[in-house]
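Colleague: This structure is in structure tokens; I'll ask about it shortly.
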Amino acid sequence: MPLQPAITDLGQLKSRPAVAALQNASLLEKARFDRDELTLYVNRSDIKHACELLRENSETKFNFLADITCVDVFPSEPRFEVIYNLLSHSRKERVRLIARLPGGDPSIESLMGLWPAANFFEREVFDLFGVRFVGHPNLRRIMMPEDWEGHPLRKDYPVEGYR
Amino acid sequence: MILNMGPQHPSTHGVLRLLLEIDGETVLKCIPDIGYLHTGIEKTCEAKFYQQVVPLTDRIDYLCPMTNNLTYCLAVEKLLQLEIPPRAQFLRVLLNELTRINSHLVWLGTHALDIGAMTVFLYCFREREDLLRIFENVSGQRMMTSYFRIGGVSMDPPIDFWKKTKAFIDKFPSRVDEYEGLLTSNPIWVERTKGVAHITAEDCIALGCSGPTARGSGIDWDLRRDMPYSGYEKFKFKVPVSKDGDVYARYLLRVQELRESNSIARQAFEGMPEGPYNAEAPKVVLPDREKMKTQMEALIYHFKIVTEGFTVPAGEVYQGVESPRGEMGYYVRSDGTAKPYRVHMRSACLGNLQALERLCVGRLLADVVAAIGSIDIVLGEIDR
């Protein structure tokens, strides 16, 4: 199959309920539809609001938080992209929310209040990337030893570790 | 009293450590401590070519290597927009279901052993041995198979494989009857599991549970049926769901899944189409040996794939599949080079493990063992 170009025009994507819902609440920064997957960019201060909206809206119904992860795009800025993967059981659809954080202050609101599932996912991102989740009640390392220095999945962390 | 359970404890299924706050025999608090098996696989992936990541995915979950191979391959194939020929899809489905049976057999055996039913363990490992022989036959390895490759499978199965698989599929339903005969109406088993470690559907959604753990509480969701991949839409199967939400419900459900998986494997076996087992993509798929030794071009492609990998157009995808434990997902981002920029595995067990506290609190200490067994965790997958 030849690769279809990604759709980034909000006008064309407006027929998708998730895009419309976030756009009506003016929470959407940009959107992309690529390889049958919808990616929505939101401001980091809006993430909780956006997730709540997508969960409660009767058109979107994204009831399940499947995953939280992060990508470090070092050395460009904003450096961290925290990725939320939501799933709707009733509509059989996924959506990916991305919030970008600056390298100097990588912090974002925790989703623990919406989905307790965020607990381990956020701790993992904190442990491996050093992104702080504000409002998380137990933000400790989860994979690495408690006294470990550095955050291994950052791009400026060598694969073999510091020698 | 604070009781430390694990990491070296026979019924924590690996190296899980639990901090249990108990009052007499009653559990007041249960805090899982994980990370003992963290090997940095996600970081390692970033330093490998796309095809070199496949053997790493085996090592995440040693009970269902093929499911992990499949998820990763599907994700990269989605990035490349590769079309997979029907024979490869059917082979993948067939082996994926045999892997599910393999994983459920280990689960059933060890879970029963934890609660004190020793016989089932030996019965389950008898059938598992047959499966491991089949895997060895098809891939050369019993456990770390790496049989699925980007674009298809590594080679066409040998003649022996069909005979062994046929024999296994034919006899397996009667073997499931044997396990059920030992457990389903066994009063001790029922006493130890019924009404134990209950969880509601709402809690399952809130805590990120998926797979049999969620279906045991009444969430009718199976990625094979609801978001089909690798040709699962061509197969007919039932998704067992139970509303009880206890250990017994999850046990019954997985036993039914054994039967359904066997039926899917039979459909795949009987409907196996002829044709190529690899995608038509010379820059991605290694040429077969015959071509490589007779055609200059094939030799060049082989050399290039092995030495410098293949580039993948920039983009990001998430592929979720129904692993024996729940939703296994791979998030792969490409920056247009021959190495993935980021590979992230969404572990089904990590979500299910979060429910453990809900399952154990207020129950007896002995029920903790039943609860751990019933969510079927593999620590390799949790820690990665």
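By order of appearance in the structure tokens: chains A, B, ..., then residues from 1 within every chain, and ligands from 1 in the order shown.
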Taking only residues of chain B that have an atom at most 8 Å from an atom of chain A, what is each one's shortest atom pair and its distance in Å to one decimal, using only C-alpha atoms, in chain and number order, as CSV?
Modeller:
residue,atom,partner,partner_atom,distance
B:Asp33,CA,A:Ile142,CA,7.6
B:Ile34,CA,A:Ile142,CA,6.5
B:Gly35,CA,A:Met143,CA,4.1
B:Tyr36,CA,A:Met143,CA,7.4
B:His38,CA,A:Met143,CA,6.0
B:Glu42,CA,A:Leu153,CA,7.8
B:Lys43,CA,A:Leu153,CA,5.9
B:Thr44,CA,A:Val159,CA,6.8
B:Ala47,CA,A:Val159,CA,7.6
B:Lys78,CA,A:Arg35,CA,7.0
B:Leu79,CA,A:Arg35,CA,7.3
B:Leu80,CA,A:Leu3,CA,7.6
B:Gln81,CA,A:Met1,CA,5.8
B:Leu82,CA,A:Met1,CA,6.2
B:Glu83,CA,A:Met1,CA,6.5
B:Ile205,CA,A:Phe64,CA,6.0
B:Ala206,CA,A:Trp115,CA,5.0
B:Leu207,CA,A:Ala117,CA,4.0
B:Gly208,CA,A:Ala117,CA,4.9
B:Trp221,CA,A:His89,CA,7.1
B:Asp226,CA,A:Lys92,CA,6.6
B:Met227,CA,A:Lys92,CA,6.8
B:Gly315,CA,A:Asp34,CA,7.7
B:Val317,CA,A:Glu37,CA,7.1
B:Arg342,CA,A:Val71,CA,6.9
B:His344,CA,A:Thr69,CA,7.3
B:Arg346,CA,A:Asp67,CA,6.3
B:Leu350,CA,A:Phe120,CA,7.4
B:Gly351,CA,A:Ala117,CA,6.8
B:Gln354,CA,A:Ala117,CA,7.0
B:Asp383,CA,A:Met143,CA,6.4
Colleague: Residues of chain A classed as alpha helix (DSSP H) by DSSP on the backbone are to be reported as a compact mmCIF listing (two decimals) with C-alpha atoms, in the first residue's frame.
Modeller:
# COMPACT_ATOMS: atom_id res chain seq x y z
CA LEU A 10 -8.71 20.84 11.30
CA GLY A 11 -11.53 21.58 8.86
CA GLN A 12 -11.26 18.11 7.33
CA LEU A 13 -10.98 16.43 10.72
CA PRO A 17 -16.23 13.63 17.42
CA ALA A 18 -13.04 13.88 19.48
CA VAL A 19 -11.74 16.77 17.35
CA ALA A 20 -15.08 18.55 17.43
CA ALA A 21 -15.46 18.11 21.19
CA LEU A 22 -12.05 19.56 22.00
CA GLN A 23 -12.37 22.32 19.42
CA ASN A 24 -15.71 23.46 20.79
CA ILE A 47 -4.79 17.95 29.84
CA LYS A 48 -7.03 16.98 32.73
CA HIS A 49 -9.89 19.07 31.42
CA ALA A 50 -9.50 17.60 27.93
CA CYS A 51 -9.46 14.01 29.21
CA GLU A 52 -12.49 14.64 31.39
CA LEU A 53 -14.32 16.15 28.44
CA LEU A 54 -13.50 13.21 26.17
CA ARG A 55 -14.62 10.79 28.86
CA GLU A 56 -17.90 12.49 29.74
CA ALA A 118 -2.74 6.55 35.96
CA ASN A 119 -0.91 5.64 39.17
CA PHE A 120 1.68 3.18 37.83
CA PHE A 121 1.79 4.70 34.36
CA GLU A 122 2.68 8.14 35.72
CA ARG A 123 5.19 6.72 38.16
CA GLU A 124 6.88 4.93 35.28
CA VAL A 125 7.11 8.12 33.20
CA PHE A 126 8.41 10.00 36.24
CA ASP A 127 11.01 7.32 36.91
CA LEU A 128 12.31 6.94 33.37
CA PHE A 129 11.91 10.49 32.06
Colleague: Quick one: distance from atom CA of B:Leu258 to atom CA of B:Val241 in Å, one decimal?
Modeller: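 Here the two named atoms are 13.6 Å from each other.
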Colleague: So that I can see what lies close to stretch 165-174 of chain B, please list as a ChimeraX atom specification the residues with an atom at most 8 Å from it, counting only C-alpha atoms and leaving out residues fewer than 3 positions away in the same chain.
Modeller: /B:130-131,134,161-162,177-178,259,262,265-266,269
Colleague: With only C-alpha atoms as the atoms that count, which of A:His151, A:Lys61, A:Arg79, A:His136 lies nearest to A:Ala99?
Modeller: A:Arg79
Colleague: Do you know which residues are at most 10 Å from B:Gly195 counting only C-alpha atoms, after dropping those on the same chain fewer than 4 positions away, and could you put them as a PyMOL selection string?
Modeller: chain B and resi 190-191+199+244-249
Colleague: Write the residues you've just listed into a file as a PDB file, in the first residue's frame, and include C-alpha atoms for each of them.
Modeller:
ATOM      1  CA  VAL B 190     -14.683 -23.970  44.819  1.00  0.00           C
ATOM      2  CA  GLU B 191     -14.308 -23.098  48.491  1.00  0.00           C
ATOM      3  CA  ILE B 199     -13.754  -6.736  41.742  1.00  0.00           C
ATOM      4  CA  ASP B 244     -19.253 -12.692  39.081  1.00  0.00           C
ATOM      5  CA  GLY B 245     -15.861 -10.962  39.253  1.00  0.00           C
ATOM      6  CA  ASP B 246     -14.253 -13.475  41.610  1.00  0.00           C
ATOM      7  CA  VAL B 247     -11.352 -15.904  41.271  1.00  0.00           C
ATOM      8  CA  TYR B 248     -13.680 -18.728  40.270  1.00  0.00           C
ATOM      9  CA  ALA B 249     -15.225 -16.646  37.474  1.00  0.00           C
TER      10      ALA B 249
END
Colleague: Using only C-alpha atoms, determine which residues lie at most 8 Å from stretch 148-157 of chain B, disregarding the query and same-chain residues fewer than 4 positions distant; provide the list as a ChimeraX atom specification.
Modeller: /B:51,54,66,69-70,73-74,76-77,82-85,88-89,92,137-139,161-162,277-279,281,284-285
Colleague: Could you write out the selected residues, including N, CA and C atoms, as a PDB file, in the first residue's frame?
Modeller:
ATOM      1  N   GLN B  51      14.561  -4.674  12.716  1.00  0.00           N
ATOM      2  CA  GLN B  51      14.423  -6.134  12.744  1.00  0.00           C
ATOM      3  C   GLN B  51      15.132  -6.746  13.950  1.00  0.00           C
ATOM      4  N   VAL B  54      12.928  -7.562  17.271  1.00  0.00           N
ATOM      5  CA  VAL B  54      12.022  -8.726  17.390  1.00  0.00           C
ATOM      6  C   VAL B  54      12.469  -9.704  18.488  1.00  0.00           C
ATOM      7  N   MET B  66       5.148 -15.234  21.126  1.00  0.00           N
ATOM      8  CA  MET B  66       4.613 -14.961  19.783  1.00  0.00           C
ATOM      9  C   MET B  66       3.653 -13.780  19.788  1.00  0.00           C
ATOM     10  N   ASN B  69       5.864 -10.791  19.640  1.00  0.00           N
ATOM     11  CA  ASN B  69       6.397 -10.665  18.281  1.00  0.00           C
ATOM     12  C   ASN B  69       5.352 -10.053  17.373  1.00  0.00           C
ATOM     13  N   LEU B  70       4.137 -10.598  17.479  1.00  0.00           N
ATOM     14  CA  LEU B  70       3.056 -10.174  16.600  1.00  0.00           C
ATOM     15  C   LEU B  70       2.753  -8.693  16.798  1.00  0.00           C
ATOM     16  N   CYS B  73       5.545  -6.569  15.313  1.00  0.00           N
ATOM     17  CA  CYS B  73       5.561  -6.637  13.852  1.00  0.00           C
ATOM     18  C   CYS B  73       4.386  -5.869  13.262  1.00  0.00           C
ATOM     19  N   LEU B  74       3.207  -6.022  13.865  1.00  0.00           N
ATOM     20  CA  LEU B  74       2.034  -5.310  13.353  1.00  0.00           C
ATOM     21  C   LEU B  74       2.241  -3.803  13.437  1.00  0.00           C
ATOM     22  N   VAL B  76       5.128  -2.109  13.372  1.00  0.00           N
ATOM     23  CA  VAL B  76       6.078  -1.640  12.358  1.00  0.00           C
ATOM     24  C   VAL B  76       5.471  -1.758  10.965  1.00  0.00           C
ATOM     25  N   GLU B  77       4.686  -2.824  10.750  1.00  0.00           N
ATOM     26  CA  GLU B  77       4.031  -2.970   9.450  1.00  0.00           C
ATOM     27  C   GLU B  77       3.030  -1.845   9.207  1.00  0.00           C
ATOM     28  N   LEU B  82       2.658  -1.981   5.171  1.00  0.00           N
ATOM     29  CA  LEU B  82       2.921  -3.225   4.435  1.00  0.00           C
ATOM     30  C   LEU B  82       1.661  -4.066   4.408  1.00  0.00           C
ATOM     31  N   GLU B  83       1.455  -4.748   3.293  1.00  0.00           N
ATOM     32  CA  GLU B  83       0.327  -5.671   3.231  1.00  0.00           C
ATOM     33  C   GLU B  83       0.843  -7.089   3.449  1.00  0.00           C
ATOM     34  N   ILE B  84       0.222  -7.814   4.366  1.00  0.00           N
ATOM     35  CA  ILE B  84       0.709  -9.139   4.730  1.00  0.00           C
ATOM     36  C   ILE B  84      -0.122 -10.192   3.997  1.00  0.00           C
ATOM     37  N   PRO B  85       0.526 -11.141   3.316  1.00  0.00           N
ATOM     38  CA  PRO B  85      -0.233 -12.160   2.570  1.00  0.00           C
ATOM     39  C   PRO B  85      -1.059 -13.042   3.512  1.00  0.00           C
ATOM     40  N   ALA B  88       0.558 -15.867   5.730  1.00  0.00           N
ATOM     41  CA  ALA B  88       1.289 -15.394   6.918  1.00  0.00           C
ATOM     42  C   ALA B  88       0.317 -15.005   8.015  1.00  0.00           C
ATOM     43  N   GLN B  89      -0.795 -14.371   7.627  1.00  0.00           N
ATOM     44  CA  GLN B  89      -1.776 -13.963   8.646  1.00  0.00           C
ATOM     45  C   GLN B  89      -2.352 -15.179   9.354  1.00  0.00           C
ATOM     46  N   ARG B  92       0.127 -16.730  11.628  1.00  0.00           N
ATOM     47  CA  ARG B  92       0.261 -15.917  12.839  1.00  0.00           C
ATOM     48  C   ARG B  92      -0.888 -16.178  13.797  1.00  0.00           C
ATOM     49  N   ASN B 137       9.726 -27.025  16.644  1.00  0.00           N
ATOM     50  CA  ASN B 137       9.650 -27.531  15.291  1.00  0.00           C
ATOM     51  C   ASN B 137       9.546 -26.398  14.275  1.00  0.00           C
ATOM     52  N   VAL B 138       8.739 -25.402  14.606  1.00  0.00           N
ATOM     53  CA  VAL B 138       8.477 -24.360  13.609  1.00  0.00           C
ATOM     54  C   VAL B 138       9.544 -23.269  13.643  1.00  0.00           C
ATOM     55  N   SER B 139      10.141 -23.014  14.800  1.00  0.00           N
ATOM     56  CA  SER B 139      11.042 -21.863  14.874  1.00  0.00           C
ATOM     57  C   SER B 139      12.456 -22.233  15.299  1.00  0.00           C
ATOM     58  N   PHE B 161       5.395 -30.129  11.303  1.00  0.00           N
ATOM     59  CA  PHE B 161       4.599 -29.170  12.062  1.00  0.00           C
ATOM     60  C   PHE B 161       3.109 -29.435  11.892  1.00  0.00           C
ATOM     61  N   TRP B 162       2.691 -29.682  10.644  1.00  0.00           N
ATOM     62  CA  TRP B 162       1.257 -29.841  10.376  1.00  0.00           C
ATOM     63  C   TRP B 162       0.731 -31.088  11.083  1.00  0.00           C
ATOM     64  N   TYR B 277       4.606 -16.634   2.275  1.00  0.00           N
ATOM     65  CA  TYR B 277       4.496 -16.417   3.723  1.00  0.00           C
ATOM     66  C   TYR B 277       5.156 -15.104   4.140  1.00  0.00           C
ATOM     67  N   ASN B 278       5.541 -14.325   3.144  1.00  0.00           N
ATOM     68  CA  ASN B 278       6.175 -13.046   3.418  1.00  0.00           C
ATOM     69  C   ASN B 278       5.615 -11.977   2.498  1.00  0.00           C
ATOM     70  N   ALA B 279       5.663 -10.752   2.947  1.00  0.00           N
ATOM     71  CA  ALA B 279       5.173  -9.654   2.115  1.00  0.00           C
ATOM     72  C   ALA B 279       6.123  -9.429   0.942  1.00  0.00           C
ATOM     73  N   ALA B 281       8.137  -7.224  -0.334  1.00  0.00           N
ATOM     74  CA  ALA B 281       8.825  -5.970  -0.008  1.00  0.00           C
ATOM     75  C   ALA B 281      10.312  -6.265   0.124  1.00  0.00           C
ATOM     76  N   VAL B 284      12.556  -4.750   2.853  1.00  0.00           N
ATOM     77  CA  VAL B 284      12.248  -4.975   4.265  1.00  0.00           C
ATOM     78  C   VAL B 284      12.427  -6.437   4.649  1.00  0.00           C
ATOM     79  N   VAL B 285      11.955  -7.333   3.762  1.00  0.00           N
ATOM     80  CA  VAL B 285      11.951  -8.760   4.079  1.00  0.00           C
ATOM     81  C   VAL B 285      13.204  -9.406   3.506  1.00  0.00           C
TER      82      VAL B 285
END
Colleague: Let me make sure I understand: among B:Asp220, B:Glu381, B:Asp58, B:Asp367, which one has the smallest atom-to-atom distance to B:Thr26 if we use only C-alpha atoms?
Modeller: B:Asp367
